[in-house]
Amino acid sequence: MNPAIAPVSSYGTVELKIPAKAEWVAVARLAVAAVASRLHFSVDEIEDIKLAIAEACTNCIQHGSENDRIEITSEVLSDEVRVSVRDRSVGHKLESVEKGAGFADGKRTEELGVFLIRALMDEVTYRVDAREGTELVMTKRVTA
Amino acid sequence: MDIKVNVRESEGDAYVVDLTGEIDVYTSPKVKDAISELIDQEHYNLVINLEKVRYIDSTGLGVLIGGLKRVREHGGSVNLVCTNPQIKKIFDITGLVKIFGIFDDEQGAMKALV
């Protein structure tokens, strides 16, 4: 079998649903950090994952309603953690953003969050469906 | 998860905002209120001490950027005290190191204000 297309072993999946409210974001980032710590990530890499997950949840809160829920699924693979953050809202701005002086004018805070997600995680994809909502999938690989 | 905010007067017209805890989408409004109150009282030279901050996200960065923007309109400045490597990294990768003065201690941050 071509190793390039070999299936990746999953060591476990953890699902979490939180209300789309600011006070719950800390729960999401700490839970995902605990899942990621099953792998040999450095302390800095765990901090990167925490921040990326928090930014993704914050994005959901900023675009959704308070009655929504955010679904976070963390999958531990052999040398990476893959985290999906889903909600029912649409209209997230998740495309790549350029680092630039624009961050300093205070008008691009939302883009700052997306910029951080893309800078801190190794792979970022997203899917938007008018009925299903938005799913952001972020992967972080163990470097050591 | 919470943030503790302590505001104190320092040399000259400068004020120091000591922050302890985590700055995220839930806690950043409290930080914003403290900074806005100082600016509303016409204090435009601020040192924000992040030495005891364990975590900051984009909403926290947004609050600091907003404060800096407001004081600059009045010829003031915001300097930061930051020793946490992870937080320094966030300022670095976002390019915000170019707009904030970031110092290892309060004395350096205060001296650079004047």
# chains A, B, ... in the order shown; residues from 1 in each chain; ligands from 1

call {"tool": "residues_around", "arguments": {"residues": "range 84-91 of chain A", "least_positions_apart": "3", "cutoff": "6 Å", "atoms": "only C-alpha atoms", "output": "ChimeraX atom specification"}}
result
/A:64,70-73,132-137

call {"tool": "select_by_dssp", "arguments": {"residues": "range 19-122 of chain A", "states": "helix (DSSP H, G or I)", "output": "count of residues only"}}
result
53

call {"tool": "closest_residue", "arguments": {"among": "A:Arg131, A:Arg108, A:Leu120, A:Val83", "to": "Val63 in chain B", "atoms": "only C-alpha atoms"}}
result
A:Arg108

call {"tool": "residues_around", "arguments": {"residues": "Gly101 in chain B", "least_positions_apart": "2", "cutoff": "9 Å", "atoms": "only C-alpha atoms", "output": "list of chain:residue names"}}
result
B:Ser77, B:Val78, B:Asn79, B:Leu80, B:Val81, B:Val97, B:Lys98, B:Ile99, B:Phe103, B:Ala109, B:Ala112

call {"tool": "interface_residues", "arguments": {"of": "chain B", "to": "chain A", "cutoff": "6 Å", "atoms": "only C-alpha atoms", "output": "compact mmCIF listing (two decimals) with C-alpha atoms, in the first residue's frame"}}
result
# COMPACT_ATOMS: atom_id res chain seq x y z
CA VAL B 25 -13.58 36.93 25.00
CA TYR B 26 -15.19 36.62 28.45
CA SER B 58 -7.40 38.28 19.82
CA GLY B 62 -8.09 44.16 20.33
CA ILE B 65 -4.97 48.10 20.30
CA GLY B 66 -8.14 50.11 20.93

call {"tool": "residues_around", "arguments": {"residues": "range 41-44 of chain B", "least_positions_apart": "6", "cutoff": "7 Å", "atoms": "only C-alpha atoms", "output": "VMD selection string"}}
result
chain B and resid 13 to 14 71 74 76 to 77

call {"tool": "write_last_selection", "arguments": {"atoms": "N, CA and C atoms", "output": "CSV table (one decimal), in the first residue's frame"}}
result
chain,number,residue,atom,x,y,z
B,13,ASP,N,2.0,61.9,35.1
B,13,ASP,CA,0.5,61.7,34.8
B,13,ASP,C,0.3,60.2,34.4
B,14,ALA,N,1.3,59.4,34.5
B,14,ALA,CA,1.2,58.0,34.1
B,14,ALA,C,0.4,57.1,35.0
B,71,VAL,N,-5.3,56.7,23.0
B,71,VAL,CA,-4.4,57.6,23.7
B,71,VAL,C,-3.5,58.4,22.7
B,74,HIS,N,-4.4,61.7,21.5
B,74,HIS,CA,-4.2,62.8,22.5
B,74,HIS,C,-2.7,62.9,22.7
B,76,GLY,N,-0.6,60.6,23.6
B,76,GLY,CA,-0.2,59.7,24.6
B,76,GLY,C,0.4,58.4,24.1
B,77,SER,N,0.6,57.4,25.0
B,77,SER,CA,1.2,56.2,24.6
B,77,SER,C,0.8,55.1,25.6

call {"tool": "select_by_dssp", "arguments": {"residues": "chain B", "states": "strand (DSSP E)", "output": "VMD selection string"}}
result
chain B and resid 3 to 9 15 to 23 45 to 56 77 to 81 101 to 103

call {"tool": "write_last_selection", "arguments": {"atoms": "N, CA and C atoms", "output": "short mmCIF file (atom, residue, chain, number, x, y, z; two decimals), in the first residue's frame"}}
result
data_model
loop_
_atom_site.label_atom_id
_atom_site.label_comp_id
_atom_site.auth_asym_id
_atom_site.auth_seq_id
_atom_site.Cartn_x
_atom_site.Cartn_y
_atom_site.Cartn_z
N ILE B 3 -10.13 37.63 35.42
CA ILE B 3 -9.02 38.58 35.30
C ILE B 3 -9.13 39.55 36.46
N LYS B 4 -8.02 39.82 37.09
CA LYS B 4 -8.00 40.85 38.13
C LYS B 4 -7.35 42.09 37.55
N VAL B 5 -7.98 43.23 37.79
CA VAL B 5 -7.48 44.49 37.24
C VAL B 5 -7.21 45.44 38.39
N ASN B 6 -5.99 45.95 38.45
CA ASN B 6 -5.64 46.92 39.48
C ASN B 6 -5.03 48.15 38.80
N VAL B 7 -5.62 49.29 39.09
CA VAL B 7 -5.15 50.54 38.47
C VAL B 7 -4.47 51.38 39.54
N ARG B 8 -3.27 51.89 39.24
CA ARG B 8 -2.58 52.74 40.21
C ARG B 8 -1.86 53.88 39.50
N GLU B 9 -1.78 54.99 40.21
CA GLU B 9 -1.09 56.17 39.67
C GLU B 9 0.40 55.98 39.84
N TYR B 15 -0.27 56.20 34.47
CA TYR B 15 -1.00 55.21 35.28
C TYR B 15 -0.55 53.81 34.86
N VAL B 16 -0.57 52.92 35.85
CA VAL B 16 -0.22 51.52 35.58
C VAL B 16 -1.47 50.67 35.77
N VAL B 17 -1.72 49.80 34.81
CA VAL B 17 -2.82 48.84 34.92
C VAL B 17 -2.19 47.46 35.09
N ASP B 18 -2.33 46.89 36.29
CA ASP B 18 -1.81 45.55 36.55
C ASP B 18 -2.90 44.53 36.25
N LEU B 19 -2.57 43.56 35.42
CA LEU B 19 -3.55 42.53 35.06
C LEU B 19 -3.04 41.17 35.54
N THR B 20 -3.95 40.40 36.12
CA THR B 20 -3.59 39.06 36.61
C THR B 20 -4.66 38.08 36.14
N GLY B 21 -4.22 37.05 35.43
CA GLY B 21 -5.17 36.02 35.00
C GLY B 21 -5.15 35.80 33.50
N GLU B 22 -6.32 35.61 32.92
CA GLU B 22 -6.44 35.27 31.50
C GLU B 22 -7.33 36.30 30.80
N ILE B 23 -6.89 36.77 29.65
CA ILE B 23 -7.68 37.76 28.90
C ILE B 23 -8.24 37.07 27.66
N ASN B 45 -1.12 58.45 29.26
CA ASN B 45 0.14 57.72 29.30
C ASN B 45 -0.03 56.51 30.22
N LEU B 46 -0.06 55.35 29.61
CA LEU B 46 -0.40 54.14 30.36
C LEU B 46 0.67 53.07 30.21
N VAL B 47 0.90 52.36 31.32
CA VAL B 47 1.70 51.13 31.28
C VAL B 47 0.75 50.00 31.66
N ILE B 48 0.67 49.02 30.80
CA ILE B 48 -0.18 47.86 31.09
C ILE B 48 0.74 46.68 31.40
N ASN B 49 0.63 46.24 32.63
CA ASN B 49 1.54 45.20 33.11
C ASN B 49 0.92 43.82 32.89
N LEU B 50 1.51 43.06 31.96
CA LEU B 50 0.99 41.72 31.62
C LEU B 50 1.84 40.61 32.25
N GLU B 51 2.69 40.99 33.21
CA GLU B 51 3.59 39.98 33.80
C GLU B 51 2.85 38.79 34.40
N LYS B 52 1.66 39.05 34.95
CA LYS B 52 0.91 37.97 35.59
C LYS B 52 -0.25 37.48 34.73
N VAL B 53 -0.17 37.79 33.45
CA VAL B 53 -1.20 37.30 32.52
C VAL B 53 -0.69 35.99 31.91
N ARG B 54 -1.50 34.96 32.04
CA ARG B 54 -1.09 33.64 31.56
C ARG B 54 -1.54 33.38 30.13
N TYR B 55 -2.50 34.17 29.66
CA TYR B 55 -3.11 33.86 28.37
C TYR B 55 -3.76 35.12 27.80
N ILE B 56 -3.62 35.33 26.51
CA ILE B 56 -4.32 36.44 25.86
C ILE B 56 -4.74 35.99 24.47
N SER B 77 0.62 57.45 25.02
CA SER B 77 1.23 56.18 24.63
C SER B 77 0.81 55.05 25.58
N VAL B 78 0.88 53.84 25.08
CA VAL B 78 0.67 52.65 25.93
C VAL B 78 1.91 51.78 25.79
N ASN B 79 2.58 51.52 26.90
CA ASN B 79 3.68 50.58 26.90
C ASN B 79 3.27 49.34 27.68
N LEU B 80 3.80 48.21 27.27
CA LEU B 80 3.44 46.95 27.91
C LEU B 80 4.63 46.37 28.66
N VAL B 81 4.35 45.72 29.78
CA VAL B 81 5.36 44.92 30.47
C VAL B 81 4.98 43.47 30.24
N GLY B 101 5.34 49.43 22.62
CA GLY B 101 6.60 49.31 23.31
C GLY B 101 6.45 48.16 24.30
N ILE B 102 7.28 47.14 24.19
CA ILE B 102 7.16 45.97 25.08
C ILE B 102 8.44 45.85 25.89
N PHE B 103 8.29 45.84 27.20
CA PHE B 103 9.44 45.89 28.11
C PHE B 103 9.41 44.72 29.10
#

call {"tool": "closest_residue", "arguments": {"among": "A:Val128, A:Leu94, A:Val81, A:Met121", "to": "Leu39 in chain A", "atoms": "only C-alpha atoms"}}
result
A:Val81

call {"tool": "residues_around", "arguments": {"residues": "Arg141 in chain A", "least_positions_apart": "3", "cutoff": "7 Å", "atoms": "only C-alpha atoms", "output": "list in words"}}
result
Asp79, Glu80, Val81 and Asp122 of chain A
